[in-house]
Amino acid sequence: MDIGGVGRFLRESRRGLGLTQSYVAESLGVSAQAVSKWERGENLPDISFFPDLSKILQISIDEILAAGRAEKSERAEDRIQKLVDDGVFGRVLGRMAGLERMADLDMDLDFFVYLSGGQKLEFIETILKIPGYGLVLDEILPYSAASHKTAVLSHILANRDYDLLEQIAVYMNNDMKAAVLTKLLAERRFDIIEDIITTFNRKHRELIVDFFVNSPDYADILENFIPFLDRNQIKKIVKEAKL
């Protein structure tokens, strides 16, 4: 079976519906990394996932199997090498820039891992201009340097695309998370903080504590965060905010 063909078919089906890898992973109860490996053709989903996959992606099991029987027209290694070539890479960027929405993307991104640091940044800057860019973040962030991830995060924060924060939280380092939490607290986006609070460590949660100590007018919101604070943090809020 051509597992690469299965992977491409799953990826195209997902993108066509405007779904992220994270969404598919959560629906199946697996990690986003597992879905990424399926789509890159590194391995096949367990057969037990096929019924749920077919429902999520609105395809039949027969279609999945048929994609696996398709004959390879070109080796993956050859396609990747062509795309990494500077001349071809420039044309790929032009093709990406011409997209009106990311769901229309008709190529796989396996070549991304082989790009130089500068090429990766250029590619990321290109996709961030395309509506729906969140669809491909799971495919590129695992192979991005900290500076690339910072560029993505800066774009998300600047454009207030906060709905993507839960998706990319796993790729953020502690400094990035602190910056995100500081901005969300400043903008009183408690709803977004609640969505990603489990990714914050104790030091991050101290920022939440300090906020409520200095902003007692928001005490009615505090109860949503109590389950995620330790006893000493709660005592500090009660004592210093005089709640």
# chains A, B, ... in the order shown; residues from 1 in each chain; ligands from 1

call {"tool": "residues_around", "arguments": {"residues": "Glu12 (chain A)", "least_positions_apart": "4", "cutoff": "8 Å", "atoms": "only C-alpha atoms", "output": "CSV table (one decimal) with C-alpha atoms, in the first residue's frame"}}
result
chain,number,residue,atom,x,y,z
A,8,ARG,CA,-1.8,13.1,0.9
A,16,GLY,CA,-10.8,20.9,2.0
A,106,ASP,CA,-3.0,21.8,-3.4

call {"tool": "residues_around", "arguments": {"residues": "Val113 (chain A)", "least_positions_apart": "3", "cutoff": "10 Å", "atoms": "only C-alpha atoms", "output": "list in words"}}
result
Ile80, Val84, Leu109, Asp110, Ser116, Gly117, Lys120, Glu139, Ile140, Leu141, Pro142, Tyr143 and Ser144 of chain A

call {"tool": "write_last_selection", "arguments": {"atoms": "N, CA and C atoms", "output": "mmCIF file, in the first residue's frame"}}
result
data_model
loop_
_atom_site.group_PDB
_atom_site.id
_atom_site.type_symbol
_atom_site.label_atom_id
_atom_site.label_comp_id
_atom_site.auth_asym_id
_atom_site.auth_seq_id
_atom_site.Cartn_x
_atom_site.Cartn_y
_atom_site.Cartn_z
ATOM 1 N N ILE A 80 10.551 16.534 -3.127
ATOM 2 C CA ILE A 80 11.095 17.415 -2.093
ATOM 3 C C ILE A 80 12.333 18.130 -2.600
ATOM 4 N N VAL A 84 13.015 22.221 -2.860
ATOM 5 C CA VAL A 84 14.056 22.880 -2.075
ATOM 6 C C VAL A 84 14.972 23.708 -2.960
ATOM 7 N N LEU A 109 3.401 19.858 2.262
ATOM 8 C CA LEU A 109 4.466 20.706 2.799
ATOM 9 C C LEU A 109 5.620 19.887 3.356
ATOM 10 N N ASP A 110 5.773 18.674 2.877
ATOM 11 C CA ASP A 110 6.850 17.817 3.370
ATOM 12 C C ASP A 110 8.225 18.443 3.168
ATOM 13 N N SER A 116 16.297 25.891 4.314
ATOM 14 C CA SER A 116 17.238 26.576 5.194
ATOM 15 C C SER A 116 16.446 27.467 6.146
ATOM 16 N N GLY A 117 17.122 27.980 7.168
ATOM 17 C CA GLY A 117 16.445 28.843 8.125
ATOM 18 C C GLY A 117 15.824 30.061 7.473
ATOM 19 N N LYS A 120 12.756 29.046 5.429
ATOM 20 C CA LYS A 120 11.612 28.758 6.300
ATOM 21 C C LYS A 120 10.933 30.050 6.739
ATOM 22 N N GLU A 139 1.681 21.643 10.573
ATOM 23 C CA GLU A 139 2.573 20.962 9.644
ATOM 24 C C GLU A 139 3.967 21.589 9.597
ATOM 25 N N ILE A 140 4.095 22.852 10.012
ATOM 26 C CA ILE A 140 5.392 23.513 9.902
ATOM 27 C C ILE A 140 6.037 23.846 11.245
ATOM 28 N N LEU A 141 5.245 24.099 12.280
ATOM 29 C CA LEU A 141 5.833 24.508 13.558
ATOM 30 C C LEU A 141 6.729 23.442 14.198
ATOM 31 N N PRO A 142 6.433 22.137 14.044
ATOM 32 C CA PRO A 142 7.337 21.137 14.623
ATOM 33 C C PRO A 142 8.746 21.198 14.035
ATOM 34 N N TYR A 143 8.895 21.785 12.853
ATOM 35 C CA TYR A 143 10.190 21.844 12.170
ATOM 36 C C TYR A 143 10.722 23.273 12.081
ATOM 37 N N SER A 144 10.195 24.137 12.953
ATOM 38 C CA SER A 144 10.587 25.544 12.947
ATOM 39 C C SER A 144 11.467 25.863 14.144
#

call {"tool": "residues_around", "arguments": {"residues": "Leu181 (chain A)", "least_positions_apart": "5", "cutoff": "9 Å", "atoms": "only C-alpha atoms", "output": "VMD selection string"}}
result
chain A and resid 176 186 193 200 204 to 205 207 to 208

call {"tool": "atom_distance", "arguments": {"atom1": "CA of Glu166 (chain A)", "atom2": "CA of Ile192 (chain A)"}}
result
8.1 Å

call {"tool": "select_by_dssp", "arguments": {"residues": "region 95-185 of chain A", "states": "alpha helix (DSSP H)", "output": "number ranges by chain"}}
result
A: 95-97, 117-127, 134-140, 146-158, 165-168, 174-185

call {"tool": "residues_around", "arguments": {"residues": "Asp210 (chain A)", "least_positions_apart": "6", "cutoff": "10 Å", "atoms": "only C-alpha atoms", "output": "PyMOL selection string"}}
result
chain A and resi 233+236-237+240-241

call {"tool": "write_last_selection", "arguments": {"atoms": "C-alpha atoms", "output": "PDB file, in the first residue's frame"}}
result
ATOM      1  CA  GLN A 233      -1.638  31.621  45.383  1.00  0.00           C
ATOM      2  CA  LYS A 236      -2.240  35.695  48.402  1.00  0.00           C
ATOM      3  CA  ILE A 237      -5.168  36.932  46.330  1.00  0.00           C
ATOM      4  CA  GLU A 240      -3.728  41.250  49.338  1.00  0.00           C
ATOM      5  CA  ALA A 241      -6.860  42.001  47.325  1.00  0.00           C
TER       6      ALA A 241
END

call {"tool": "residues_around", "arguments": {"residues": "Glu187 (chain A)", "least_positions_apart": "6", "cutoff": "12 Å", "atoms": "only C-alpha atoms", "output": "PyMOL selection string"}}
result
chain A and resi 157+160+162+180-181+193+211

call {"tool": "closest_residue", "arguments": {"among": "A:Val136, A:Met107, A:Ala145, A:Ile156", "to": "Leu19 (chain A)", "atoms": "only C-alpha atoms"}}
result
A:Val136

call {"tool": "closest_residue", "arguments": {"among": "A:Leu105, A:Leu99, A:Val170, A:Leu93", "to": "Gln33 (chain A)", "atoms": "only C-alpha atoms"}}
result
A:Val170

call {"tool": "residues_around", "arguments": {"residues": "Phe228 (chain A)", "least_positions_apart": "3", "cutoff": "8 Å", "atoms": "only C-alpha atoms", "output": "mmCIF file with C-alpha atoms, in the first residue's frame"}}
result
data_model
loop_
_atom_site.group_PDB
_atom_site.id
_atom_site.type_symbol
_atom_site.label_atom_id
_atom_site.label_comp_id
_atom_site.auth_asym_id
_atom_site.auth_seq_id
_atom_site.Cartn_x
_atom_site.Cartn_y
_atom_site.Cartn_z
ATOM 1 C CA ILE A 197 -4.443 27.780 31.191
ATOM 2 C CA THR A 198 -3.385 24.136 31.515
ATOM 3 C CA PHE A 225 -9.254 30.272 37.728
#

call {"tool": "atom_distance", "arguments": {"atom1": "CA of Arg95 (chain A)", "atom2": "CA of Gln167 (chain A)"}}
result
25.9 Å

call {"tool": "closest_residue", "arguments": {"among": "A:Val6, A:Glu100, A:Gly132, A:Ile196", "to": "Asp62 (chain A)", "atoms": "only C-alpha atoms"}}
result
A:Val6

call {"tool": "decode", "arguments": {"residues": "region 139-224 of chain A", "atoms": "C-alpha atoms", "output": "compact mmCIF listing (two decimals), in the first residue's frame"}}
result
# COMPACT_ATOMS: atom_id res chain seq x y z
CA GLU A 139 2.57 20.96 9.64
CA ILE A 140 5.39 23.51 9.90
CA LEU A 141 5.83 24.51 13.56
CA PRO A 142 7.34 21.14 14.62
CA TYR A 143 10.19 21.84 12.17
CA SER A 144 10.59 25.54 12.95
CA ALA A 145 13.25 27.26 15.05
CA ALA A 146 12.32 29.44 18.03
CA SER A 147 12.71 32.57 15.90
CA HIS A 148 10.23 31.19 13.35
CA LYS A 149 7.72 30.34 16.09
CA THR A 150 8.16 33.83 17.52
CA ALA A 151 7.32 35.30 14.11
CA VAL A 152 4.13 33.25 13.98
CA LEU A 153 3.17 34.16 17.54
CA SER A 154 3.88 37.86 16.96
CA HIS A 155 1.60 37.79 13.93
CA ILE A 156 -1.17 36.06 15.88
CA LEU A 157 -0.97 38.56 18.72
CA ALA A 158 -0.74 41.59 16.45
CA ASN A 159 -3.78 40.47 14.49
CA ARG A 160 -5.61 39.17 17.57
CA ASP A 161 -6.09 35.75 16.01
CA TYR A 162 -6.48 34.44 19.54
CA ASP A 163 -8.50 31.41 18.48
CA LEU A 164 -5.22 29.92 17.21
CA LEU A 165 -3.43 30.14 20.56
CA GLU A 166 -4.85 26.88 21.87
CA GLN A 167 -3.64 25.15 18.70
CA ILE A 168 -0.05 26.44 18.90
CA ALA A 169 0.37 26.48 22.70
CA VAL A 170 2.26 23.20 22.58
CA TYR A 171 4.91 24.84 20.37
CA MET A 172 5.49 27.89 22.62
CA ASN A 173 8.38 28.13 25.08
CA ASN A 174 7.96 29.64 28.53
CA ASP A 175 8.93 33.16 27.45
CA MET A 176 6.36 33.05 24.65
CA LYS A 177 3.68 31.87 27.05
CA ALA A 178 4.49 34.69 29.48
CA ALA A 179 4.17 37.23 26.66
CA VAL A 180 0.85 35.75 25.57
CA LEU A 181 -0.56 35.72 29.10
CA THR A 182 0.54 39.29 29.75
CA LYS A 183 -1.20 40.51 26.59
CA LEU A 184 -4.37 38.54 27.25
CA LEU A 185 -4.59 39.86 30.80
CA ALA A 186 -4.08 43.42 29.58
CA GLU A 187 -6.94 42.97 27.13
CA ARG A 188 -9.10 41.13 29.67
CA ARG A 189 -9.40 38.11 27.37
CA PHE A 190 -10.22 35.74 30.20
CA ASP A 191 -12.02 33.38 27.83
CA ILE A 192 -8.85 32.70 25.87
CA ILE A 193 -6.79 32.34 29.06
CA GLU A 194 -9.21 29.69 30.29
CA ASP A 195 -8.75 27.76 27.03
CA ILE A 196 -4.97 27.51 27.43
CA ILE A 197 -4.44 27.78 31.19
CA THR A 198 -3.39 24.14 31.52
CA THR A 199 -0.30 24.91 29.40
CA PHE A 200 0.96 27.51 31.90
CA ASN A 201 3.37 26.63 34.70
CA ARG A 202 3.30 28.00 38.25
CA LYS A 203 5.42 31.02 37.33
CA HIS A 204 2.98 31.94 34.57
CA ARG A 205 0.03 31.57 36.92
CA GLU A 206 1.68 34.04 39.28
CA LEU A 207 0.94 36.63 36.58
CA ILE A 208 -2.73 35.75 36.97
CA VAL A 209 -2.43 36.06 40.74
CA ASP A 210 -0.80 39.49 40.44
CA PHE A 211 -3.55 40.61 38.09
CA PHE A 212 -6.33 39.76 40.54
CA VAL A 213 -4.38 41.25 43.45
CA ASN A 214 -4.18 44.53 41.56
CA SER A 215 -7.61 44.33 39.94
CA PRO A 216 -10.10 43.30 42.64
CA ASP A 217 -12.96 44.63 40.50
CA TYR A 218 -12.66 41.42 38.49
CA ALA A 219 -13.22 39.17 41.50
CA ASP A 220 -16.29 37.64 39.83
CA ILE A 221 -14.00 36.17 37.16
CA LEU A 222 -11.62 34.72 39.73
CA GLU A 223 -13.72 31.63 40.42
CA ASN A 224 -12.97 30.38 36.90
